$ cat start-v7.cif   # mmCIF, C-alpha atoms
data_model
#
loop_
_atom_site.label_atom_id
_atom_site.label_comp_id
_atom_site.auth_asym_id
_atom_site.auth_seq_id
_atom_site.Cartn_x
_atom_site.Cartn_y
_atom_site.Cartn_z
CA MET A 1 137.78 142.18 52.80
CA ILE A 2 139.23 139.39 50.69
CA ASP A 3 142.91 138.60 51.29
CA ARG A 4 144.48 139.93 48.10
CA ASP A 5 147.97 138.66 48.92
CA LYS A 6 146.69 135.15 49.39
CA HIS A 7 144.45 134.92 46.35
CA ILE A 8 145.84 137.05 43.50
CA GLY A 9 147.74 134.69 41.21
CA GLN A 10 146.30 131.61 42.85
CA ALA A 11 145.24 128.83 40.45
CA SER A 12 142.54 126.26 41.12
CA GLU A 13 143.04 122.55 40.96
CA PRO A 14 142.42 121.20 37.40
CA ARG A 15 138.89 119.83 36.97
CA THR A 16 137.84 117.56 34.13
CA VAL A 17 134.29 117.77 32.81
CA GLU A 18 132.48 115.93 30.05
CA VAL A 19 130.25 117.94 27.72
CA GLU A 20 126.98 116.02 28.04
CA ARG A 21 124.60 115.89 25.07
CA GLY A 22 121.47 115.78 27.27
CA PHE A 23 122.54 118.86 29.18
CA LEU A 24 123.22 120.74 25.94
CA ARG A 25 119.65 120.05 24.83
CA PHE A 26 118.32 121.04 28.25
CA PHE A 27 120.29 124.30 28.05
CA ALA A 28 118.90 125.01 24.57
CA GLU A 29 115.35 124.43 25.80
CA ALA A 30 115.83 126.52 28.94
CA THR A 31 117.11 129.49 26.91
CA GLY A 32 114.35 129.45 24.30
CA GLU A 33 116.72 128.31 21.56
CA THR A 34 114.98 127.73 18.23
CA ASP A 35 117.88 126.61 15.99
CA PRO A 36 117.75 122.80 15.44
CA VAL A 37 121.58 122.74 15.35
CA TYR A 38 121.41 122.84 19.17
CA PHE A 39 118.85 120.01 19.50
CA ASP A 40 119.24 117.67 16.57
CA ASP A 41 122.39 115.65 15.83
CA ALA A 42 121.70 115.53 12.09
CA ALA A 43 121.27 119.30 11.94
CA ALA A 44 124.51 119.76 13.89
CA LEU A 45 126.43 117.48 11.51
CA ALA A 46 124.89 119.21 8.49
CA ALA A 47 126.12 122.53 9.90
CA GLY A 48 129.67 121.14 10.03
CA PHE A 49 129.94 120.33 13.74
CA ARG A 50 131.36 117.01 15.03
CA ALA A 51 128.35 116.60 17.34
CA LEU A 52 125.84 118.87 19.06
CA PRO A 53 127.74 122.13 19.64
CA ALA A 54 127.89 123.91 22.97
CA PRO A 55 126.42 127.42 22.64
CA PRO A 56 128.73 130.42 23.09
CA THR A 57 128.22 130.91 26.84
CA TYR A 58 128.34 127.23 27.75
CA LEU A 59 131.88 127.24 29.13
CA PHE A 60 130.50 129.22 32.07
CA SER A 61 128.07 126.36 32.78
CA LEU A 62 130.80 123.74 32.48
CA ASN A 63 132.77 125.72 35.04
CA MET A 64 129.75 125.71 37.37
CA ALA A 65 129.27 121.96 36.84
CA VAL A 66 132.70 121.22 38.31
CA PRO A 67 133.25 124.13 40.67
CA ALA A 68 136.79 124.85 41.77
CA LYS A 69 137.71 124.58 45.43
CA ILE A 70 141.14 126.21 45.60
CA GLY A 71 140.78 129.97 45.27
CA ALA A 72 137.03 129.85 44.61
CA VAL A 73 135.03 132.91 45.60
CA LEU A 74 132.43 130.92 47.54
CA ASP A 75 134.56 128.10 48.99
CA PRO A 76 134.82 128.68 52.77
CA VAL A 77 137.75 126.31 53.32
CA ASN A 78 140.01 126.51 50.25
CA GLY A 79 138.80 129.77 48.71
CA MET A 80 137.67 133.27 49.61
CA GLY A 81 134.69 132.21 51.71
CA VAL A 82 132.34 134.89 50.37
CA ASP A 83 128.67 134.37 51.29
CA MET A 84 126.54 133.51 48.26
CA SER A 85 123.98 136.16 49.19
CA ARG A 86 126.54 138.94 48.59
CA ILE A 87 127.69 138.20 45.05
CA LEU A 88 126.67 139.66 41.70
CA HIS A 89 128.03 138.98 38.23
CA GLY A 90 129.92 142.04 37.03
CA GLU A 91 131.49 141.15 33.69
CA GLN A 92 131.97 138.13 31.47
CA SER A 93 134.00 137.46 28.33
CA PHE A 94 134.74 134.48 26.14
CA THR A 95 137.51 133.72 23.64
CA TYR A 96 137.21 130.68 21.37
CA HIS A 97 139.90 128.65 19.64
CA ARG A 98 137.79 125.75 18.39
CA PRO A 99 134.17 124.61 18.91
CA ILE A 100 133.16 122.71 22.05
CA CYS A 101 130.88 119.77 21.22
CA ALA A 102 129.00 116.98 22.98
CA GLY A 103 131.36 114.23 24.09
CA ASP A 104 134.35 116.52 24.61
CA ARG A 105 136.29 116.04 27.82
CA LEU A 106 137.76 119.33 28.94
CA THR A 107 140.10 120.25 31.76
CA LEU A 108 139.41 123.59 33.41
CA VAL A 109 141.77 125.71 35.50
CA THR A 110 140.64 128.98 37.09
CA THR A 111 143.18 131.60 38.14
CA THR A 112 142.47 134.76 40.12
CA ARG A 113 144.04 137.62 38.18
CA ASP A 114 143.01 140.61 40.29
CA ILE A 115 140.97 141.72 43.28
CA TYR A 116 140.13 145.38 43.74
CA ALA A 117 137.76 147.49 45.82
CA LYS A 118 135.53 150.45 44.98
CA LYS A 119 133.36 152.78 47.05
CA GLY A 120 135.70 152.57 50.03
CA GLY A 121 135.49 148.79 50.14
CA ALA A 122 131.70 148.57 49.91
CA LEU A 123 132.22 146.68 46.67
CA GLU A 124 135.01 144.26 45.83
CA PHE A 125 135.69 142.91 42.34
CA VAL A 126 137.26 139.48 41.80
CA VAL A 127 138.69 138.91 38.31
CA GLN A 128 139.17 135.25 37.39
CA ASP A 129 140.39 133.62 34.17
CA THR A 130 139.37 130.08 33.25
CA THR A 131 141.07 128.01 30.55
CA ALA A 132 139.65 124.88 28.91
CA HIS A 133 142.05 122.35 27.37
CA ASP A 134 141.05 119.20 25.50
CA GLU A 135 142.45 115.71 26.07
CA ASN A 136 145.40 116.48 23.78
CA GLY A 137 146.30 119.51 25.84
CA VAL A 138 145.08 121.93 23.17
CA LEU A 139 143.59 125.21 24.42
CA VAL A 140 139.95 125.18 23.28
CA ALA A 141 138.43 128.26 24.91
CA GLU A 142 139.02 130.82 27.63
CA MET A 143 136.81 133.05 29.69
CA GLU A 144 137.14 135.91 32.13
CA SER A 145 134.61 136.43 34.92
CA VAL A 146 134.30 139.39 37.24
CA THR A 147 132.39 138.70 40.46
CA VAL A 148 131.17 141.66 42.49
CA VAL A 149 131.03 141.23 46.26
CA ARG A 150 128.66 143.53 48.17
CA ASN A 151 130.20 144.29 51.57
CA GLY A 152 127.74 147.04 52.50
CA MET B 1 125.72 135.93 7.73
CA ALA B 2 128.93 137.78 8.36
CA GLU B 3 129.72 138.46 4.70
CA THR B 4 126.57 140.56 4.38
CA LEU B 5 127.33 142.70 7.44
CA ALA B 6 128.63 146.16 6.71
CA VAL B 7 130.03 148.82 9.02
CA GLY B 8 127.14 150.87 10.38
CA THR B 9 124.58 148.08 10.04
CA ILE B 10 121.99 147.99 12.81
CA LEU B 11 121.44 144.27 13.29
CA PRO B 12 118.02 142.62 13.67
CA GLU B 13 116.92 142.49 17.30
CA LEU B 14 116.23 139.28 19.16
CA VAL B 15 113.60 139.28 21.91
CA ARG B 16 113.21 136.63 24.63
CA GLY B 17 110.97 136.37 27.66
CA PRO B 18 109.09 137.39 29.64
CA ILE B 19 111.23 135.69 32.28
CA ASP B 20 109.14 134.01 34.97
CA ARG B 21 110.04 131.82 37.94
CA THR B 22 109.89 128.69 35.79
CA THR B 23 112.39 130.23 33.36
CA LEU B 24 114.81 130.78 36.25
CA ALA B 25 114.30 127.30 37.71
CA LEU B 26 114.92 125.64 34.36
CA PHE B 27 117.92 127.84 33.57
CA ALA B 28 119.42 127.15 37.01
CA GLY B 29 119.18 123.42 36.36
CA ALA B 30 120.33 123.54 32.75
CA SER B 31 123.25 125.91 33.37
CA HIS B 32 124.45 124.34 36.65
CA ASP B 33 124.13 127.80 38.23
CA HIS B 34 122.53 127.13 41.59
CA VAL B 35 123.11 130.54 43.17
CA ARG B 36 120.07 130.79 45.43
CA LEU B 37 119.43 134.49 44.70
CA HIS B 38 117.89 133.32 41.40
CA ILE B 39 115.74 130.44 42.60
CA ASP B 40 114.72 130.97 46.23
CA SER B 41 112.55 134.02 46.95
CA ASP B 42 112.99 133.74 50.74
CA TYR B 43 116.77 133.68 50.33
CA ALA B 44 116.71 136.63 47.91
CA ARG B 45 114.56 138.70 50.29
CA ASP B 46 116.84 137.95 53.22
CA ALA B 47 119.77 139.08 51.06
CA GLY B 48 118.03 142.43 50.54
CA MET B 49 117.22 141.84 46.88
CA GLY B 50 113.42 141.98 47.21
CA ASP B 51 112.82 138.85 45.17
CA VAL B 52 114.62 136.46 42.87
CA PHE B 53 116.07 138.05 39.74
CA ALA B 54 117.42 136.64 36.50
CA HIS B 55 120.90 135.20 36.12
CA GLY B 56 123.07 137.59 34.13
CA MET B 57 124.15 134.56 32.12
CA LEU B 58 120.55 133.97 30.98
CA SER B 59 120.56 137.34 29.23
CA MET B 60 124.06 136.63 27.91
CA ALA B 61 122.73 133.35 26.49
CA TYR B 62 120.00 135.35 24.73
CA LEU B 63 122.67 137.75 23.40
CA ALA B 64 124.60 134.72 22.16
CA GLN B 65 121.53 133.67 20.17
CA ALA B 66 121.38 137.15 18.67
CA LEU B 67 125.08 136.97 17.76
CA ARG B 68 124.53 133.61 16.10
CA SER B 69 121.59 134.95 14.15
CA TRP B 70 123.97 137.52 12.66
CA ALA B 71 126.95 135.23 12.01
CA PRO B 72 127.76 131.51 12.28
CA GLN B 73 128.96 130.53 15.74
CA ASP B 74 132.39 129.44 14.48
CA ARG B 75 133.08 133.00 13.31
CA ILE B 76 132.72 134.44 16.80
CA ARG B 77 136.29 134.94 18.04
CA ARG B 78 135.74 136.71 21.36
CA TRP B 79 133.14 138.80 23.10
CA ASN B 80 132.53 140.45 26.41
CA VAL B 81 129.74 142.05 28.36
CA ARG B 82 129.35 144.12 31.50
CA PHE B 83 126.23 143.50 33.53
CA THR B 84 125.02 147.06 34.08
CA ALA B 85 121.65 146.44 35.78
CA ILE B 86 119.75 143.55 37.32
CA THR B 87 117.14 141.83 35.16
CA PRO B 88 114.00 141.49 37.31
CA LEU B 89 111.28 138.86 37.16
CA TYR B 90 108.79 139.22 34.31
CA ALA B 91 111.26 141.19 32.18
CA THR B 92 111.34 140.85 28.42
CA VAL B 93 114.92 141.01 27.13
CA ARG B 94 115.69 142.80 23.85
CA CYS B 95 119.12 142.09 22.31
CA THR B 96 120.67 144.60 19.95
CA GLY B 97 123.79 144.96 17.85
CA GLU B 98 125.52 147.45 15.60
CA VAL B 99 128.56 146.88 13.40
CA LEU B 100 131.15 149.47 14.47
CA GLU B 101 134.16 148.80 12.26
CA GLU B 102 136.19 146.23 10.39
CA ILE B 103 139.60 145.52 11.87
CA GLU B 104 142.61 143.28 11.36
CA MET B 105 142.93 140.72 14.14
CA ASP B 106 145.41 137.85 14.39
CA GLY B 107 145.90 137.82 10.63
CA GLU B 108 142.25 137.91 9.63
CA ARG B 109 139.55 140.50 9.06
CA ALA B 110 137.00 140.86 11.82
CA LEU B 111 133.99 143.00 12.54
CA ARG B 112 133.73 144.79 15.85
CA ILE B 113 130.08 144.72 16.89
CA ALA B 114 128.56 146.69 19.78
CA ILE B 115 126.07 144.51 21.61
CA ALA B 116 123.57 145.25 24.36
CA ALA B 117 120.48 143.97 26.11
CA PHE B 118 117.58 146.08 27.33
CA ILE B 119 114.50 145.35 29.43
CA ASP B 120 110.96 146.68 29.02
CA ASP B 121 111.45 150.11 30.61
CA GLY B 122 114.50 150.78 28.43
CA THR B 123 117.08 150.01 31.12
CA ARG B 124 120.26 148.64 29.59
CA THR B 125 121.17 145.44 31.41
CA LEU B 126 124.18 144.20 29.42
CA ALA B 127 126.65 146.06 27.25
CA GLY B 128 129.72 144.87 25.42
CA GLU B 129 131.45 144.02 22.17
CA ALA B 130 131.92 141.03 19.92
CA LEU B 131 134.68 140.33 17.39
CA VAL B 132 133.36 138.23 14.51
CA ALA B 133 135.63 137.01 11.73
CA VAL B 134 134.86 137.90 8.13
CA VAL B 135 135.62 134.90 5.92
#
$ encode --input "start-v7.cif" --output "structure tokens"
Amino acid sequence: MIDRDKHIGQASEPRTVEVERGFLRFFAEATGETDPVYFDDAAALAAGFRALPAPPTYLFSLNMAVPAKIGAVLDPVNGMGVDMSRILHGEQSFTYHRPICAGDRLTLVTTTRDIYAKKGGALEFVVQDTTAHDENGVLVAEMESVTVVRNG
Amino acid sequence: MAETLAVGTILPELVRGPIDRTTLALFAGASHDHVRLHIDSDYARDAGMGDVFAHGMLSMAYLAQALRSWAPQDRIRRWNVRFTAITPLYATVRCTGEVLEEIEMDGERALRIAIAAFIDDGTRTLAGEALVAVV
């Protein structure tokens, strides 16, 4: 079982990540995107964006690009040390305050909000919130992820 | 576009897939999600999963495309999904939406939209809600 007392309320170290234009295009291709706004700079500008926009789920990918150590579900030294073979994605939400675009530099912090068990401990649920702030310290977007750990 | 959406509207479906091993390899690379359950069949079998299966976030990315087909991205305020079943290899993903109600949120009008994804046999794989501003 995960040590609730140790991890609930624990915040990760801040991680800074650049939103890379090439990766945005790769993501669009890999997801079967058809809207030129996600491939073509001119189309993005014409649609009112500053640069190629990140699609709505992209904050999750940015978080994976610069994984947290402190308090991370998978980190064996600084986090919960859960084996990768036992995790499933349970829930995911996003809240947006302004668009994320290519060239942005964002700072991410992930905080464990809750850990709870079901089915007599056969399943554990880790609830983590991640915030993304821009270089001016403005909150750009937030997400909540629930990771399911299979202990059975 | 959001201004044409009315409460009760069943939104046009968006279909993606079928998802094959190449889809998963490319999505793993593009999304920085290198969890081996999605890209390494030997690893997935040893973990008791039978074979690799699709990232939940791949289906959520498809749902995001559906959302954007209904309203501009900058009108999406927040949304959430629960992953209710695994999406297996070779699945075709069907994304659906229905406008439930118009509400007041943070000083603006917003539509509450029920969203879901289904695979070929009718299993619901994702279910949630989106709040989309009406401008």
$ interface_residues --input "start-v7.cif" --of "chain B" --to "chain A" --cutoff "10 Å" --atoms "all atoms listed in the file" --output "number ranges by chain"
B: 16-17, 22-37, 43-49, 55-65, 67-69, 72-86, 126-131
$ atom_distance --input "start-v7.cif" --atom1 "CA of Asn136 in chain A" --atom2 "CA of Glu18 in chain A"
14.4 Å
$ atom_distance --input "start-v7.cif" --atom1 "CA of Glu13 in chain B" --atom2 "CA of Asp121 in chain B"
16.3 Å
$ resolve_selection --input "start-v7.cif" --expression "the PyMOL selection byres ((chain A and resi 125) around 7)" --output "list of chain:residue names"
A:Ile115, A:Tyr116, A:Ala117, A:Leu123, A:Glu124, A:Val126, A:Val127, A:Val146, A:Thr147, A:Val148, A:Val149
$ resolve_selection --input "start-v7.cif" --expression "the PyMOL selection byres ((chain A and resi 69) around 12)" --output "PyMOL selection string"
chain A and resi 10-15+63-64+66-68+70-81+109-111
$ resolve_selection --input "start-v7.cif" --expression "the PyMOL selection byres ((chain B and resi 95) around 7)" --output "PyMOL selection string"
chain B and resi 13-15+63+66+93-94+96+116-118
$ closest_residue --input "start-v7.cif" --among "A:Asp134, A:Asp129, A:Glu20, A:Asp41" --to "Asp114 in chain A" --atoms "only C-alpha atoms"
A:Asp129
$ atom_distance --input "start-v7.cif" --atom1 "CA of Leu89 in chain B" --atom2 "CA of Asp51 in chain B"
8.2 Å
$ residues_around --input "start-v7.cif" --residues "Tyr90 in chain B" --least-positions-apart "3" --cutoff "8 Å" --atoms "all atoms listed in the file" --output "PyMOL selection string"
chain B and resi 17-20
$ axis_aligned_box --input "start-v7.cif" --around "range 64-79 of chain B" --padding-each-side "5 Å" --output "AutoDock Vina command-line options"
--center_x 128.8 --center_y 134.1 --center_z 17.6 --size_x 24.9 --size_y 19.4 --size_z 21.1
$ closest_residue --input "start-v7.cif" --among "B:Ala71, B:Ala114, B:Thr87, B:Arg21" --to "Leu100 in chain B" --atoms "only C-alpha atoms"
B:Ala114
$ closest_residue --input "start-v7.cif" --among "A:Ala102, A:Leu108, A:Gly121, A:Lys6" --to "Val19 in chain A" --atoms "only C-alpha atoms"
A:Ala102
$ decode --input "start-v7.cif" --residues "range 101-130 of chain A" --atoms "N, CA and C atoms" --output "mmCIF file, in the first residue's frame"
data_model
loop_
_atom_site.group_PDB
_atom_site.id
_atom_site.type_symbol
_atom_site.label_atom_id
_atom_site.label_comp_id
_atom_site.auth_asym_id
_atom_site.auth_seq_id
_atom_site.Cartn_x
_atom_site.Cartn_y
_atom_site.Cartn_z
ATOM 1 N N CYS A 101 0.550 27.685 -26.502
ATOM 2 C CA CYS A 101 0.984 27.716 -27.900
ATOM 3 C C CYS A 101 2.470 27.372 -27.999
ATOM 4 N N ALA A 102 2.869 27.012 -29.219
ATOM 5 C CA ALA A 102 4.280 26.719 -29.483
ATOM 6 C C ALA A 102 5.138 27.881 -29.021
ATOM 7 N N GLY A 103 6.259 27.552 -28.387
ATOM 8 C CA GLY A 103 7.176 28.580 -27.901
ATOM 9 C C GLY A 103 6.960 28.947 -26.451
ATOM 10 N N ASP A 104 5.807 28.597 -25.901
ATOM 11 C CA ASP A 104 5.567 28.896 -24.481
ATOM 12 C C ASP A 104 6.558 28.121 -23.614
ATOM 13 N N ARG A 105 6.967 28.754 -22.541
ATOM 14 C CA ARG A 105 7.750 28.047 -21.513
ATOM 15 C C ARG A 105 6.906 28.011 -20.252
ATOM 16 N N LEU A 106 6.559 26.805 -19.838
ATOM 17 C CA LEU A 106 5.646 26.633 -18.722
ATOM 18 C C LEU A 106 6.352 25.943 -17.565
ATOM 19 N N THR A 107 5.936 26.299 -16.363
ATOM 20 C CA THR A 107 6.457 25.642 -15.169
ATOM 21 C C THR A 107 5.338 24.826 -14.528
ATOM 22 N N LEU A 108 5.613 23.542 -14.369
ATOM 23 C CA LEU A 108 4.608 22.597 -13.876
ATOM 24 C C LEU A 108 4.931 22.180 -12.440
ATOM 25 N N VAL A 109 3.884 22.121 -11.621
ATOM 26 C CA VAL A 109 4.011 21.565 -10.267
ATOM 27 C C VAL A 109 2.870 20.576 -10.068
ATOM 28 N N THR A 110 3.191 19.390 -9.600
ATOM 29 C CA THR A 110 2.186 18.341 -9.383
ATOM 30 C C THR A 110 2.071 18.068 -7.896
ATOM 31 N N THR A 111 0.844 18.100 -7.390
ATOM 32 C CA THR A 111 0.588 17.891 -5.963
ATOM 33 C C THR A 111 -0.368 16.716 -5.778
ATOM 34 N N THR A 112 -0.042 15.830 -4.893
ATOM 35 C CA THR A 112 -0.925 14.693 -4.593
ATOM 36 C C THR A 112 -2.024 15.170 -3.648
ATOM 37 N N ARG A 113 -3.269 15.098 -4.121
ATOM 38 C CA ARG A 113 -4.385 15.607 -3.313
ATOM 39 C C ARG A 113 -5.011 14.523 -2.452
ATOM 40 N N ASP A 114 -5.038 13.282 -2.964
ATOM 41 C CA ASP A 114 -5.688 12.215 -2.203
ATOM 42 C C ASP A 114 -5.156 10.863 -2.662
ATOM 43 N N ILE A 115 -5.230 9.915 -1.771
ATOM 44 C CA ILE A 115 -4.937 8.507 -2.083
ATOM 45 C C ILE A 115 -5.984 7.692 -1.340
ATOM 46 N N TYR A 116 -6.720 6.861 -2.063
ATOM 47 C CA TYR A 116 -7.718 6.039 -1.377
ATOM 48 C C TYR A 116 -7.771 4.651 -1.999
ATOM 49 N N ALA A 117 -8.269 3.706 -1.218
ATOM 50 C CA ALA A 117 -8.309 2.301 -1.654
ATOM 51 C C ALA A 117 -9.757 1.861 -1.854
ATOM 52 N N LYS A 118 -9.929 0.881 -2.745
ATOM 53 C CA LYS A 118 -11.222 0.230 -2.934
ATOM 54 C C LYS A 118 -10.990 -1.269 -3.008
ATOM 55 N N LYS A 119 -12.070 -2.019 -2.891
ATOM 56 C CA LYS A 119 -12.003 -3.480 -2.978
ATOM 57 C C LYS A 119 -10.963 -4.034 -2.001
ATOM 58 N N GLY A 120 -11.040 -3.553 -0.756
ATOM 59 C CA GLY A 120 -10.165 -4.065 0.291
ATOM 60 C C GLY A 120 -8.687 -3.856 0.031
ATOM 61 N N GLY A 121 -8.368 -2.831 -0.753
ATOM 62 C CA GLY A 121 -6.965 -2.532 -1.028
ATOM 63 C C GLY A 121 -6.471 -3.123 -2.340
ATOM 64 N N ALA A 122 -7.319 -3.883 -3.023
ATOM 65 C CA ALA A 122 -6.913 -4.455 -4.318
ATOM 66 C C ALA A 122 -6.660 -3.350 -5.342
ATOM 67 N N LEU A 123 -7.367 -2.242 -5.167
ATOM 68 C CA LEU A 123 -7.153 -1.086 -6.039
ATOM 69 C C LEU A 123 -6.868 0.128 -5.170
ATOM 70 N N GLU A 124 -5.856 0.900 -5.564
ATOM 71 C CA GLU A 124 -5.614 2.194 -4.931
ATOM 72 C C GLU A 124 -5.731 3.279 -5.983
ATOM 73 N N PHE A 125 -6.224 4.440 -5.560
ATOM 74 C CA PHE A 125 -6.443 5.562 -6.468
ATOM 75 C C PHE A 125 -5.603 6.745 -5.983
ATOM 76 N N VAL A 126 -4.755 7.267 -6.867
ATOM 77 C CA VAL A 126 -3.900 8.406 -6.542
ATOM 78 C C VAL A 126 -4.399 9.618 -7.328
ATOM 79 N N VAL A 127 -4.831 10.645 -6.595
ATOM 80 C CA VAL A 127 -5.376 11.848 -7.222
ATOM 81 C C VAL A 127 -4.318 12.940 -7.191
ATOM 82 N N GLN A 128 -3.911 13.418 -8.371
ATOM 83 C CA GLN A 128 -2.851 14.427 -8.439
ATOM 84 C C GLN A 128 -3.290 15.623 -9.281
ATOM 85 N N ASP A 129 -3.002 16.815 -8.781
ATOM 86 C CA ASP A 129 -3.299 18.058 -9.501
ATOM 87 C C ASP A 129 -1.998 18.627 -10.060
ATOM 88 N N THR A 130 -2.043 19.071 -11.304
ATOM 89 C CA THR A 130 -0.874 19.711 -11.906
ATOM 90 C C THR A 130 -1.259 21.108 -12.377
#
